[in-house]
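First up is the structure itself, then whatever we jot down about it.
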Amino acid sequence: MKKRVLVTGGAGYIGSHTAVELVNAGFDVVIADNLCNSDSETIEGIRKITGAEVSFVQADCCDKDAMESLFKQYEIGAVIHFAAYKSVNESVAKPLEYYRNNIGSLVTLLDVMRRMGVRDIIFSSSCTVYGQADTLPVTEKTPKKRSSSPYGNTKHICEDILRDSTAAYDNLHCIALRYFNPIGAHPSAIIGEKPLGVPQNLVPFIAQTAAGIHRELKVFGDDYDTPDGTCMRDYIDVVDLAGAHVTALERLLENGGTKHEVFNIGTGKALSVMQLIRTFETVNGVRINCKVAERRPGDIAAIWADTTLANELLGWRAERPIEETLKSVWAYEKRIRGI
Ligand code: UD1
């Protein structure tokens, strides 16, 4: 029988899609989420898509007692740790909240895992650890750079904690996945990205502008050193990204790698902000009212992944074409807005 996997932050965007793929791959899933940036409707969505009785515990991963009783009650076999604050802007205004929550939850989980004899953890990291790299695309060996935000720093620090802890403790193995820019929704349109308040990320803002919620979309800068002057990113479909967690988990459970591994999870292709907007318009037959605005502080000009390591060692690659991904964004937005 496959192990029972604790998915922290499983009511969130990437966590919910991963929970679905885990169930599809035959794993038993327990979600722990404090619902601070998500809602229990998503849990119902996961159950509806999979037809499985996915367990849900409303709990904070910084709460050691709650985590310990959850591990005991459900006999957890492995952990995928998504639960974290993720807003770059908010982290600048609330650094202590970000350090306390993002670092505290990881340290708490690692403590509980050690006490309960659970060996394997997958950690949600980010390409933010590379900053603006000197050479592109970035490989896992590209030097990390100091982050311009507390949010980015928490990813650096958590990666370091995992490296040091796996080196020190025999029975701790980890894979950190460095996500590029996750976008899209499940093909059922039942779950997707549902930001609270005004979205800060590009794709949810595009979708909401198309839905008439915002009058216009600001393109942050068109004077970067890129072919059309707008920033370039590697947009990875969330279902493909969810699948990467399943293959990474299987590798960990089979003891297929070293004790501590890091993989870039992207498509290996870069799209500019304007290219992404135009593709969204074309595939969905909508117009996005956009206007060039000032650069956004802290943005880097371009980044995309070299995914050779994930392709070769995990046997994983991104498959969904960007057109399909952007159609799924609009299908989900239309469903939740009743359009
Ligand atoms: C940021 C973080 C990343 C984090 C991710 C999720 C950095 C450098 N990157 O990614 O670590 O994991 O958020 O929260 O900290 N844009 C517009 N108009 C908009 C919104 C965005 O033009 O209204 C542009 C941005 O300038 C950028 C691109 O779209 O060039 C993508 O932005 P966004 O979706 O916010 O993601 P990142 O900043 O790449």
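Note on naming: chains are A, B, ... as they come in the structure tokens, residues start from 1 per chain, ligands start from 1 in the order shown.
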With a distance cut-off of 12 Å and only C-alpha atoms, select the neighbouring residues of Val92 (chain A), excluding the residue or stretch itself and same-chain residues fewer than 2 positions from it, and output the selection as a ChimeraX atom specification. /A:85-90,94-99,147-154,297-298
Long-range neighbours of Glu319 (chain A) as an MDAnalysis selection string, 9 Å cut-off, only C-alpha atoms, 4 positions minimum in chain: chainID A and resid 237 240 267
Given only C-alpha atoms and all ligand atoms as the basis, pick out the residue of A:Ile157, A:Ala210, A:Cys127, A:Ile336 nearest to ligand 1. A:Cys127
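Going from CA of Gln58 (chain A) to atom 14 (O, counted along the ligand's line) of ligand 1 covers 23.1 Å.
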I need the residue nearest ligand 1 from this list: A:Cys231, A:Ile122, A:Ala302, A:Leu309. Use only C-alpha atoms and all ligand atoms for the distance. A:Cys231
Could I get the residue neighbourhood of ligand 1 at 9 Å, counting only C-alpha atoms and all ligand atoms, as a compact mmCIF listing (two decimals) with all heavy atoms, in the first residue's frame?
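Contents of part_16.txt, as written:
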# COMPACT_ATOMS: atom_id res chain seq x y z
N LYS A 86 3.25 34.06 0.99
CA LYS A 86 3.93 34.11 -0.31
C LYS A 86 3.90 35.46 -1.01
O LYS A 86 4.25 35.55 -2.19
CB LYS A 86 3.34 33.05 -1.23
CG LYS A 86 1.87 33.26 -1.53
CD LYS A 86 1.42 32.33 -2.64
CE LYS A 86 -0.02 32.59 -3.02
NZ LYS A 86 -0.52 31.75 -4.08
N SER A 87 3.48 36.51 -0.31
CA SER A 87 3.42 37.79 -1.00
C SER A 87 4.72 38.57 -0.81
O SER A 87 5.13 38.86 0.32
CB SER A 87 2.24 38.60 -0.48
OG SER A 87 2.46 39.96 -0.75
N VAL A 88 5.34 38.90 -1.93
CA VAL A 88 6.61 39.63 -1.88
C VAL A 88 6.41 40.98 -1.19
O VAL A 88 7.12 41.34 -0.26
CB VAL A 88 7.17 39.81 -3.32
CG1 VAL A 88 8.41 40.68 -3.31
CG2 VAL A 88 7.45 38.45 -3.95
N ASN A 89 5.39 41.73 -1.63
CA ASN A 89 5.12 43.07 -1.06
C ASN A 89 4.82 43.02 0.41
O ASN A 89 5.36 43.80 1.20
CB ASN A 89 3.86 43.66 -1.71
CG ASN A 89 4.19 44.31 -3.00
OD1 ASN A 89 5.36 44.49 -3.33
ND2 ASN A 89 3.16 44.66 -3.75
N SER A 125 10.22 25.41 -2.91
CA SER A 125 11.11 26.56 -3.00
C SER A 125 10.78 27.34 -4.27
O SER A 125 9.75 27.10 -4.90
CB SER A 125 12.57 26.11 -2.95
OG SER A 125 13.38 27.25 -2.78
N SER A 126 11.62 28.28 -4.60
CA SER A 126 11.27 29.20 -5.68
C SER A 126 12.52 29.62 -6.43
O SER A 126 13.61 29.71 -5.87
CB SER A 126 10.62 30.43 -5.06
OG SER A 126 10.59 31.50 -5.97
N CYS A 127 12.32 29.97 -7.70
CA CYS A 127 13.43 30.48 -8.50
C CYS A 127 13.87 31.84 -8.00
O CYS A 127 14.87 32.38 -8.47
CB CYS A 127 13.04 30.56 -9.97
SG CYS A 127 11.80 31.81 -10.31
N THR A 128 13.13 32.40 -7.05
CA THR A 128 13.53 33.67 -6.47
C THR A 128 14.93 33.56 -5.85
O THR A 128 15.63 34.57 -5.72
CB THR A 128 12.49 34.15 -5.43
OG1 THR A 128 12.74 35.51 -5.11
CG2 THR A 128 12.51 33.34 -4.14
N VAL A 129 15.35 32.34 -5.48
CA VAL A 129 16.68 32.18 -4.85
C VAL A 129 17.82 32.55 -5.80
O VAL A 129 18.93 32.82 -5.37
CB VAL A 129 16.92 30.75 -4.29
CG1 VAL A 129 15.90 30.43 -3.19
CG2 VAL A 129 16.91 29.70 -5.37
N TYR A 130 17.54 32.59 -7.12
CA TYR A 130 18.62 32.93 -8.07
C TYR A 130 18.77 34.45 -8.26
O TYR A 130 19.78 34.90 -8.80
CB TYR A 130 18.34 32.31 -9.44
CG TYR A 130 18.30 30.79 -9.44
CD1 TYR A 130 17.13 30.10 -9.74
CD2 TYR A 130 19.45 30.06 -9.16
CE1 TYR A 130 17.10 28.71 -9.76
CE2 TYR A 130 19.43 28.67 -9.17
CZ TYR A 130 18.25 28.01 -9.47
OH TYR A 130 18.23 26.63 -9.49
N GLY A 131 17.72 35.23 -7.88
CA GLY A 131 17.75 36.66 -8.20
C GLY A 131 17.92 36.84 -9.70
O GLY A 131 17.47 36.00 -10.49
N GLN A 132 18.54 37.96 -10.12
CA GLN A 132 18.83 38.10 -11.55
C GLN A 132 20.17 37.40 -11.83
O GLN A 132 21.24 37.92 -11.53
CB GLN A 132 18.90 39.56 -11.98
CG GLN A 132 19.23 39.72 -13.48
CD GLN A 132 18.20 39.03 -14.40
OE1 GLN A 132 17.09 39.50 -14.57
NE2 GLN A 132 18.56 37.88 -14.99
N SER A 147 18.23 37.86 -1.62
CA SER A 147 16.92 38.25 -2.10
C SER A 147 16.62 39.69 -1.74
O SER A 147 17.11 40.21 -0.75
CB SER A 147 15.88 37.34 -1.46
OG SER A 147 14.61 37.75 -1.87
N SER A 148 15.78 40.32 -2.56
CA SER A 148 15.40 41.70 -2.24
C SER A 148 14.19 41.75 -1.31
O SER A 148 13.76 42.82 -0.92
CB SER A 148 15.12 42.49 -3.52
OG SER A 148 14.13 41.82 -4.25
N SER A 149 13.63 40.60 -0.96
CA SER A 149 12.46 40.64 -0.07
C SER A 149 12.60 39.61 1.06
O SER A 149 13.22 38.56 0.88
CB SER A 149 11.18 40.34 -0.85
OG SER A 149 11.13 38.97 -1.16
N TYR A 151 10.30 37.64 1.91
CA TYR A 151 9.72 36.40 1.37
C TYR A 151 10.80 35.55 0.71
O TYR A 151 10.96 34.35 0.98
CB TYR A 151 8.60 36.72 0.35
CG TYR A 151 8.35 35.59 -0.61
CD1 TYR A 151 7.62 34.47 -0.22
CD2 TYR A 151 8.90 35.60 -1.90
CE1 TYR A 151 7.43 33.41 -1.09
CE2 TYR A 151 8.71 34.55 -2.77
CZ TYR A 151 7.97 33.46 -2.37
OH TYR A 151 7.80 32.40 -3.22
N GLY A 152 11.57 36.19 -0.17
CA GLY A 152 12.65 35.47 -0.87
C GLY A 152 13.68 34.93 0.11
O GLY A 152 14.16 33.80 -0.04
N LYS A 155 12.81 31.65 1.64
CA LYS A 155 13.08 30.48 0.79
C LYS A 155 14.56 30.09 0.88
O LYS A 155 14.91 28.91 0.98
CB LYS A 155 12.68 30.75 -0.66
CG LYS A 155 11.18 30.95 -0.86
CD LYS A 155 10.38 29.70 -0.53
CE LYS A 155 8.88 29.91 -0.57
NZ LYS A 155 8.10 28.81 -0.02
N TYR A 179 10.28 26.27 -7.92
CA TYR A 179 9.26 26.55 -8.94
C TYR A 179 9.61 27.82 -9.68
O TYR A 179 10.03 28.81 -9.08
CB TYR A 179 7.89 26.80 -8.30
CG TYR A 179 7.42 25.84 -7.26
CD1 TYR A 179 6.54 26.29 -6.27
CD2 TYR A 179 7.79 24.51 -7.26
CE1 TYR A 179 6.06 25.43 -5.30
CE2 TYR A 179 7.32 23.64 -6.29
CZ TYR A 179 6.46 24.11 -5.31
OH TYR A 179 5.99 23.27 -4.35
N PHE A 180 9.31 27.82 -10.97
CA PHE A 180 9.38 29.07 -11.73
C PHE A 180 8.01 29.74 -11.57
O PHE A 180 7.57 29.88 -10.45
CB PHE A 180 9.92 28.78 -13.14
CG PHE A 180 11.43 28.59 -13.03
CD1 PHE A 180 11.95 27.48 -12.35
CD2 PHE A 180 12.31 29.57 -13.43
CE1 PHE A 180 13.32 27.35 -12.11
CE2 PHE A 180 13.68 29.45 -13.21
CZ PHE A 180 14.18 28.34 -12.55
N ASN A 181 7.33 30.18 -12.59
CA ASN A 181 6.07 30.91 -12.35
C ASN A 181 4.86 30.00 -12.58
O ASN A 181 4.46 29.81 -13.72
CB ASN A 181 6.00 32.14 -13.25
CG ASN A 181 6.92 33.25 -12.79
OD1 ASN A 181 8.12 33.05 -12.67
ND2 ASN A 181 6.37 34.41 -12.51
N PRO A 182 4.29 29.46 -11.51
CA PRO A 182 3.14 28.55 -11.68
C PRO A 182 1.87 29.31 -12.09
O PRO A 182 1.53 30.33 -11.50
CB PRO A 182 2.95 27.96 -10.27
CG PRO A 182 4.15 28.36 -9.49
CD PRO A 182 4.65 29.62 -10.10
N ILE A 183 1.21 28.80 -13.10
CA ILE A 183 -0.05 29.41 -13.56
C ILE A 183 -1.01 28.31 -14.00
O ILE A 183 -0.61 27.15 -14.14
CB ILE A 183 0.16 30.40 -14.75
CG1 ILE A 183 0.73 29.67 -15.98
CG2 ILE A 183 1.06 31.56 -14.36
CD1 ILE A 183 0.65 30.48 -17.26
N PRO A 199 -5.01 40.87 -6.93
CA PRO A 199 -3.87 39.99 -7.21
C PRO A 199 -2.60 40.78 -7.50
O PRO A 199 -2.65 41.83 -8.13
CB PRO A 199 -4.28 39.21 -8.47
CG PRO A 199 -5.62 39.66 -8.84
CD PRO A 199 -6.05 40.77 -7.97
N GLN A 200 -1.49 40.25 -7.04
CA GLN A 200 -0.21 40.90 -7.35
C GLN A 200 0.49 40.20 -8.50
O GLN A 200 1.36 40.76 -9.14
CB GLN A 200 0.70 40.85 -6.12
CG GLN A 200 0.17 41.70 -4.99
CD GLN A 200 0.95 41.50 -3.71
OE1 GLN A 200 2.07 41.01 -3.72
NE2 GLN A 200 0.36 41.90 -2.61
N ASN A 201 0.12 38.96 -8.74
CA ASN A 201 0.78 38.20 -9.81
C ASN A 201 0.08 38.45 -11.14
O ASN A 201 -1.10 38.80 -11.20
CB ASN A 201 0.79 36.71 -9.48
CG ASN A 201 1.63 36.43 -8.25
OD1 ASN A 201 1.11 35.99 -7.23
ND2 ASN A 201 2.91 36.72 -8.31
N LEU A 202 0.85 38.26 -12.20
CA LEU A 202 0.38 38.66 -13.52
C LEU A 202 -0.86 37.91 -13.99
O LEU A 202 -1.85 38.53 -14.41
CB LEU A 202 1.53 38.46 -14.53
CG LEU A 202 1.20 38.80 -15.99
CD1 LEU A 202 0.83 40.26 -16.14
CD2 LEU A 202 2.39 38.45 -16.89
N VAL A 203 -0.84 36.60 -13.95
CA VAL A 203 -1.91 35.85 -14.60
C VAL A 203 -3.27 36.03 -13.92
O VAL A 203 -4.27 36.28 -14.60
CB VAL A 203 -1.49 34.37 -14.80
CG1 VAL A 203 -2.66 33.51 -15.21
CG2 VAL A 203 -0.39 34.32 -15.85
N PRO A 204 -3.35 35.97 -12.58
CA PRO A 204 -4.65 36.28 -11.98
C PRO A 204 -5.14 37.68 -12.31
O PRO A 204 -6.34 37.90 -12.47
CB PRO A 204 -4.39 36.13 -10.47
CG PRO A 204 -3.11 35.42 -10.34
CD PRO A 204 -2.34 35.55 -11.60
N PHE A 205 -4.20 38.62 -12.45
CA PHE A 205 -4.63 39.98 -12.79
C PHE A 205 -5.17 40.04 -14.22
O PHE A 205 -6.16 40.71 -14.51
CB PHE A 205 -3.47 40.99 -12.60
CG PHE A 205 -3.97 42.38 -12.32
CD1 PHE A 205 -4.00 42.86 -11.02
CD2 PHE A 205 -4.46 43.19 -13.34
CE1 PHE A 205 -4.51 44.14 -10.75
CE2 PHE A 205 -4.96 44.45 -13.09
CZ PHE A 205 -4.99 44.94 -11.79
N ILE A 206 -4.52 39.31 -15.12
CA ILE A 206 -5.02 39.24 -16.51
C ILE A 206 -6.45 38.67 -16.50
O ILE A 206 -7.36 39.23 -17.13
CB ILE A 206 -4.12 38.33 -17.38
CG1 ILE A 206 -2.74 38.96 -17.59
CG2 ILE A 206 -4.78 38.03 -18.73
CD1 ILE A 206 -1.77 38.08 -18.38
N LEU A 217 -4.85 46.59 -17.04
CA LEU A 217 -3.71 45.85 -16.50
C LEU A 217 -2.47 46.70 -16.73
O LEU A 217 -2.24 47.17 -17.85
CB LEU A 217 -3.59 44.52 -17.25
CG LEU A 217 -2.27 43.78 -17.14
CD1 LEU A 217 -2.16 43.10 -15.79
CD2 LEU A 217 -2.16 42.74 -18.23
N LYS A 218 -1.71 46.91 -15.69
CA LYS A 218 -0.46 47.66 -15.85
C LYS A 218 0.66 46.69 -16.23
O LYS A 218 0.86 45.68 -15.53
CB LYS A 218 -0.09 48.37 -14.55
CG LYS A 218 -0.99 49.52 -14.20
CD LYS A 218 -0.33 50.35 -13.09
CE LYS A 218 -1.13 51.58 -12.74
NZ LYS A 218 -2.33 51.27 -11.94
N VAL A 219 1.37 47.01 -17.29
CA VAL A 219 2.56 46.23 -17.66
C VAL A 219 3.74 46.95 -17.01
O VAL A 219 4.04 48.10 -17.36
CB VAL A 219 2.72 46.17 -19.20
CG1 VAL A 219 4.04 45.53 -19.58
CG2 VAL A 219 1.54 45.46 -19.82
N PHE A 220 4.36 46.28 -16.06
CA PHE A 220 5.40 46.95 -15.27
C PHE A 220 6.72 47.04 -16.03
O PHE A 220 7.60 46.20 -15.86
CB PHE A 220 5.60 46.24 -13.93
CG PHE A 220 4.39 46.26 -13.03
CD1 PHE A 220 4.03 45.14 -12.30
CD2 PHE A 220 3.62 47.41 -12.88
CE1 PHE A 220 2.93 45.15 -11.45
CE2 PHE A 220 2.51 47.44 -12.04
CZ PHE A 220 2.17 46.30 -11.33
N GLY A 221 6.84 48.07 -16.85
CA GLY A 221 8.12 48.36 -17.53
C GLY A 221 8.20 47.73 -18.91
O GLY A 221 7.90 46.55 -19.08
N ASP A 222 8.57 48.55 -19.91
CA ASP A 222 8.81 48.00 -21.26
C ASP A 222 10.18 48.43 -21.78
O ASP A 222 10.43 48.49 -22.96
CB ASP A 222 7.70 48.40 -22.24
CG ASP A 222 7.70 49.89 -22.57
OD1 ASP A 222 8.41 50.67 -21.87
OD2 ASP A 222 7.01 50.28 -23.53
N THR A 230 9.70 43.95 -22.26
CA THR A 230 8.99 43.55 -21.03
C THR A 230 9.69 42.33 -20.43
O THR A 230 10.43 41.61 -21.11
CB THR A 230 7.48 43.28 -21.29
OG1 THR A 230 7.33 42.15 -22.16
CG2 THR A 230 6.81 44.50 -21.93
N CYS A 231 9.43 42.11 -19.14
CA CYS A 231 10.15 41.04 -18.41
C CYS A 231 9.82 39.66 -18.96
O CYS A 231 8.71 39.42 -19.46
CB CYS A 231 9.76 41.05 -16.94
SG CYS A 231 10.24 42.52 -16.06
N MET A 232 10.76 38.75 -18.81
CA MET A 232 10.55 37.38 -19.30
C MET A 232 10.59 36.39 -18.13
O MET A 232 11.44 36.48 -17.26
CB MET A 232 11.61 37.03 -20.34
CG MET A 232 11.56 38.02 -21.50
SD MET A 232 12.56 37.53 -22.86
CE MET A 232 11.55 36.26 -23.58
N ARG A 233 9.64 35.46 -18.18
CA ARG A 233 9.52 34.44 -17.12
C ARG A 233 9.24 33.09 -17.75
O ARG A 233 8.80 32.98 -18.90
CB ARG A 233 8.36 34.77 -16.17
CG ARG A 233 8.49 36.07 -15.39
CD ARG A 233 9.52 35.96 -14.28
NE ARG A 233 9.55 37.16 -13.45
CZ ARG A 233 10.28 38.24 -13.72
NH1 ARG A 233 11.04 38.29 -14.80
NH2 ARG A 233 10.25 39.28 -12.90
N ASP A 234 9.40 32.07 -16.92
CA ASP A 234 9.14 30.68 -17.33
C ASP A 234 7.83 30.27 -16.65
O ASP A 234 7.81 29.99 -15.44
CB ASP A 234 10.34 29.84 -16.84
CG ASP A 234 10.24 28.38 -17.21
OD1 ASP A 234 9.13 27.88 -17.43
OD2 ASP A 234 11.31 27.73 -17.24
N TYR A 235 6.74 30.27 -17.41
CA TYR A 235 5.41 30.01 -16.83
C TYR A 235 5.12 28.52 -16.90
O TYR A 235 4.98 27.96 -17.98
CB TYR A 235 4.34 30.83 -17.57
CG TYR A 235 4.52 32.32 -17.37
CD1 TYR A 235 5.22 33.10 -18.30
CD2 TYR A 235 4.04 32.94 -16.22
CE1 TYR A 235 5.41 34.46 -18.10
CE2 TYR A 235 4.23 34.31 -16.00
CZ TYR A 235 4.91 35.06 -16.95
OH TYR A 235 5.12 36.40 -16.74
N SER A 272 7.59 36.71 -22.67
CA SER A 272 7.56 38.06 -22.11
C SER A 272 6.15 38.36 -21.60
O SER A 272 5.19 37.66 -21.95
CB SER A 272 7.96 39.08 -23.18
OG SER A 272 6.88 39.24 -24.08
N VAL A 273 6.05 39.41 -20.79
CA VAL A 273 4.74 39.82 -20.27
C VAL A 273 3.79 40.08 -21.44
O VAL A 273 2.65 39.61 -21.46
CB VAL A 273 4.88 41.07 -19.37
CG1 VAL A 273 3.52 41.63 -18.98
CG2 VAL A 273 5.69 40.75 -18.12
N MET A 274 4.28 40.81 -22.46
CA MET A 274 3.40 41.11 -23.61
C MET A 274 3.02 39.86 -24.37
O MET A 274 1.86 39.72 -24.78
CB MET A 274 4.08 42.12 -24.56
CG MET A 274 4.00 43.57 -24.12
SD MET A 274 2.45 44.14 -23.39
CE MET A 274 1.30 44.01 -24.73
N VAL A 292 1.31 50.45 -20.40
CA VAL A 292 2.66 50.34 -19.86
C VAL A 292 2.81 51.30 -18.68
O VAL A 292 2.40 52.46 -18.75
CB VAL A 292 3.71 50.64 -20.95
CG1 VAL A 292 5.12 50.66 -20.35
CG2 VAL A 292 3.61 49.62 -22.07
N ALA A 293 3.37 50.80 -17.59
CA ALA A 293 3.56 51.61 -16.39
C ALA A 293 5.03 51.52 -15.96
O ALA A 293 5.85 50.86 -16.63
CB ALA A 293 2.65 51.10 -15.29
N ARG A 295 8.41 50.47 -13.98
CA ARG A 295 8.92 49.18 -13.51
C ARG A 295 8.46 48.94 -12.07
O ARG A 295 8.34 49.90 -11.31
CB ARG A 295 10.45 49.18 -13.52
CG ARG A 295 11.07 49.14 -14.89
CD ARG A 295 12.57 49.09 -14.75
NE ARG A 295 13.24 49.01 -16.04
CZ ARG A 295 14.48 48.59 -16.21
NH1 ARG A 295 15.21 48.24 -15.16
NH2 ARG A 295 15.02 48.54 -17.41
N ARG A 296 8.27 47.68 -11.71
CA ARG A 296 7.91 47.35 -10.33
C ARG A 296 9.21 47.12 -9.54
O ARG A 296 10.04 46.31 -9.96
CB ARG A 296 7.05 46.09 -10.32
CG ARG A 296 6.53 45.68 -8.97
CD ARG A 296 5.53 44.54 -9.08
NE ARG A 296 6.12 43.28 -9.50
CZ ARG A 296 5.47 42.13 -9.57
NH1 ARG A 296 4.18 42.08 -9.27
NH2 ARG A 296 6.07 41.03 -9.96
N PRO A 297 9.39 47.81 -8.41
CA PRO A 297 10.64 47.64 -7.66
C PRO A 297 10.87 46.17 -7.32
O PRO A 297 9.94 45.47 -6.94
CB PRO A 297 10.43 48.46 -6.38
CG PRO A 297 9.33 49.40 -6.71
CD PRO A 297 8.47 48.75 -7.75
N GLY A 298 12.10 45.73 -7.45
CA GLY A 298 12.45 44.35 -7.08
C GLY A 298 12.33 43.35 -8.21
O GLY A 298 12.80 42.22 -8.10
N ASP A 299 11.67 43.75 -9.34
CA ASP A 299 11.53 42.80 -10.45
C ASP A 299 12.87 42.58 -11.14
O ASP A 299 13.67 43.51 -11.28
CB ASP A 299 10.55 43.34 -11.50
CG ASP A 299 9.13 42.88 -11.24
OD1 ASP A 299 8.95 41.89 -10.50
OD2 ASP A 299 8.20 43.51 -11.77
N ILE A 300 13.07 41.36 -11.61
CA ILE A 300 14.24 41.09 -12.42
C ILE A 300 13.81 41.07 -13.88
O ILE A 300 12.63 40.88 -14.18
CB ILE A 300 14.89 39.75 -12.03
CG1 ILE A 300 13.88 38.61 -12.11
CG2 ILE A 300 15.50 39.84 -10.63
CD1 ILE A 300 14.51 37.27 -12.08
N ALA A 301 14.77 41.28 -14.78
CA ALA A 301 14.42 41.38 -16.21
C ALA A 301 13.97 40.02 -16.76
O ALA A 301 12.94 39.92 -17.43
CB ALA A 301 15.62 41.90 -17.00
N ALA A 302 14.75 38.99 -16.49
CA ALA A 302 14.45 37.70 -17.12
C ALA A 302 14.99 36.54 -16.32
O ALA A 302 16.06 36.63 -15.72
CB ALA A 302 15.08 37.68 -18.52
N ILE A 303 14.20 35.47 -16.31
CA ILE A 303 14.69 34.21 -15.76
C ILE A 303 13.91 33.05 -16.37
O ILE A 303 12.71 33.18 -16.61
CB ILE A 303 14.59 34.17 -14.20
CG1 ILE A 303 15.29 32.91 -13.67
CG2 ILE A 303 13.16 34.26 -13.71
CD1 ILE A 303 15.68 32.98 -12.21
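Going from CA of Arg317 (chain A) over to CA of Thr279 (chain A), you cover 21.9 Å.
Using only C-alpha atoms, the smallest distance between any of A:Lys64, A:His17, A:Arg115, A:Lys141 and Glu261 (chain A) comes from A:Lys141.
Proximity to Ala248 (chain A) was assessed for A:Asn289, A:Asn311, A:Asn24, A:Ser105 counting only C-alpha atoms; the smallest distance is recorded for A:Asn311.
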Just the residues within 12 Å of region 48-52 of chain A, please, counting only C-alpha atoms, with nothing from its chain fewer than 6 positions along; format it as a CSV table (one decimal) with C-alpha atoms, in the first residue's frame.
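Saved the output as out-v4.csv:
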chain,number,residue,atom,x,y,z
A,16,SER,CA,-4.6,21.6,-3.9
A,17,HIS,CA,-3.5,20.6,-7.4
A,18,THR,CA,-0.8,18.4,-5.9
A,19,ALA,CA,-3.3,16.7,-3.6
A,20,VAL,CA,-5.3,15.8,-6.7
A,21,GLU,CA,-2.3,14.3,-8.5
A,22,LEU,CA,-1.2,12.4,-5.4
A,23,VAL,CA,-4.7,10.8,-5.1
A,24,ASN,CA,-4.6,10.0,-8.8
A,25,ALA,CA,-1.2,8.3,-8.3
A,26,GLY,CA,-2.7,6.1,-5.5
A,27,PHE,CA,-1.5,8.0,-2.4
A,28,ASP,CA,-3.6,8.6,0.7
A,29,VAL,CA,-3.6,12.3,1.4
A,30,VAL,CA,-4.1,14.3,4.6
A,41,GLU,CA,-14.4,25.0,-0.6
A,42,THR,CA,-11.1,24.0,-2.2
A,186,HIS,CA,-7.2,22.1,-13.2
A,187,PRO,CA,-8.9,21.1,-16.5
A,188,SER,CA,-12.2,20.5,-14.6
A,189,ALA,CA,-12.2,24.3,-13.6
A,190,ILE,CA,-13.1,23.2,-10.1
A,191,ILE,CA,-9.9,24.3,-8.5
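Note that the spacing between CA of Glu68 (chain A) and CA of Val112 (chain A) amounts to 6.1 Å.
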Taking the DSSP assignment computed from this structure's backbone, write out as a PyMOL selection string all residues of region 235-338 of chain A that belong to helix (DSSP H, G or I). chain A and resi 238-253+273-284+308-314+322-337
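When only C-alpha atoms are used to measure the gap to Glu281 (chain A), the shortest distance among A:Ile31, A:Leu252, A:Val246, A:Leu326 belongs to A:Leu326.
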Taking only C-alpha atoms into account, name the residue in A:Ala32, A:Thr307, A:Val329, A:Leu162 that is nearest to Val238 (chain A). A:Val329
Give me the residues within 12 Å of Thr166 (chain A) as a ChimeraX atom specification, counting only C-alpha atoms and dropping any in the same chain fewer than 6 places off. /A:110,114,119-121,159-160,172-176,258-261
Please produce, as a Markdown table, a per-residue contact table for region 38-105 of chain A versus region 7-15 of chain A (criterion: any atom at most 12 Å away, only C-alpha atoms considered), showing the nearest atom pair and its distance in Å to one decimal, sorted by chain then residue number.
| residue | atom | partner | partner_atom | distance |
| --- | --- | --- | --- | --- |
| A:Ser38 | CA | A:Gly12 | CA | 5.6 |
| A:Asp39 | CA | A:Ala11 | CA | 6.6 |
| A:Ser40 | CA | A:Ala11 | CA | 6.8 |
| A:Glu41 | CA | A:Ala11 | CA | 8.4 |
| A:Thr42 | CA | A:Ala11 | CA | 5.7 |
| A:Ile43 | CA | A:Ala11 | CA | 6.0 |
| A:Glu44 | CA | A:Ala11 | CA | 9.6 |
| A:Gly45 | CA | A:Ala11 | CA | 9.6 |
| A:Ile46 | CA | A:Ala11 | CA | 8.8 |
| A:Arg47 | CA | A:Ala11 | CA | 11.5 |
| A:Val54 | CA | A:Gly10 | CA | 10.4 |
| A:Ser55 | CA | A:Val7 | CA | 10.2 |
| A:Phe56 | CA | A:Gly10 | CA | 8.7 |
| A:Val57 | CA | A:Thr8 | CA | 9.6 |
| A:Gln58 | CA | A:Ala11 | CA | 9.8 |
| A:Ala59 | CA | A:Thr8 | CA | 9.2 |
| A:Asp60 | CA | A:Thr8 | CA | 8.9 |
| A:Cys61 | CA | A:Thr8 | CA | 7.4 |
| A:Cys62 | CA | A:Thr8 | CA | 11.0 |
| A:Met67 | CA | A:Thr8 | CA | 10.3 |
| A:Leu70 | CA | A:Thr8 | CA | 11.4 |
| A:Phe71 | CA | A:Val7 | CA | 11.7 |
| A:Ile76 | CA | A:Val7 | CA | 10.0 |
| A:Gly77 | CA | A:Val7 | CA | 11.0 |
| A:Ala78 | CA | A:Val7 | CA | 8.8 |
| A:Val79 | CA | A:Val7 | CA | 6.1 |
| A:Ile80 | CA | A:Val7 | CA | 4.9 |
| A:His81 | CA | A:Thr8 | CA | 5.0 |
| A:Phe82 | CA | A:Gly9 | CA | 4.9 |
| A:Ala83 | CA | A:Gly9 | CA | 3.9 |
| A:Ala84 | CA | A:Gly9 | CA | 7.3 |
| A:Tyr85 | CA | A:Gly9 | CA | 9.9 |
| A:Lys86 | CA | A:Gly12 | CA | 10.9 |
| A:Asn102 | CA | A:Gly9 | CA | 11.6 |
| A:Ser105 | CA | A:Thr8 | CA | 9.7 |
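Residues of region 232-264 of chain A that DSSP, applied to the backbone, places in strand (DSSP E): Met232, Arg233, Tyr235, Ile236, Asp237, His260, Glu261, Val262, Phe263 and Asn264 of chain A.
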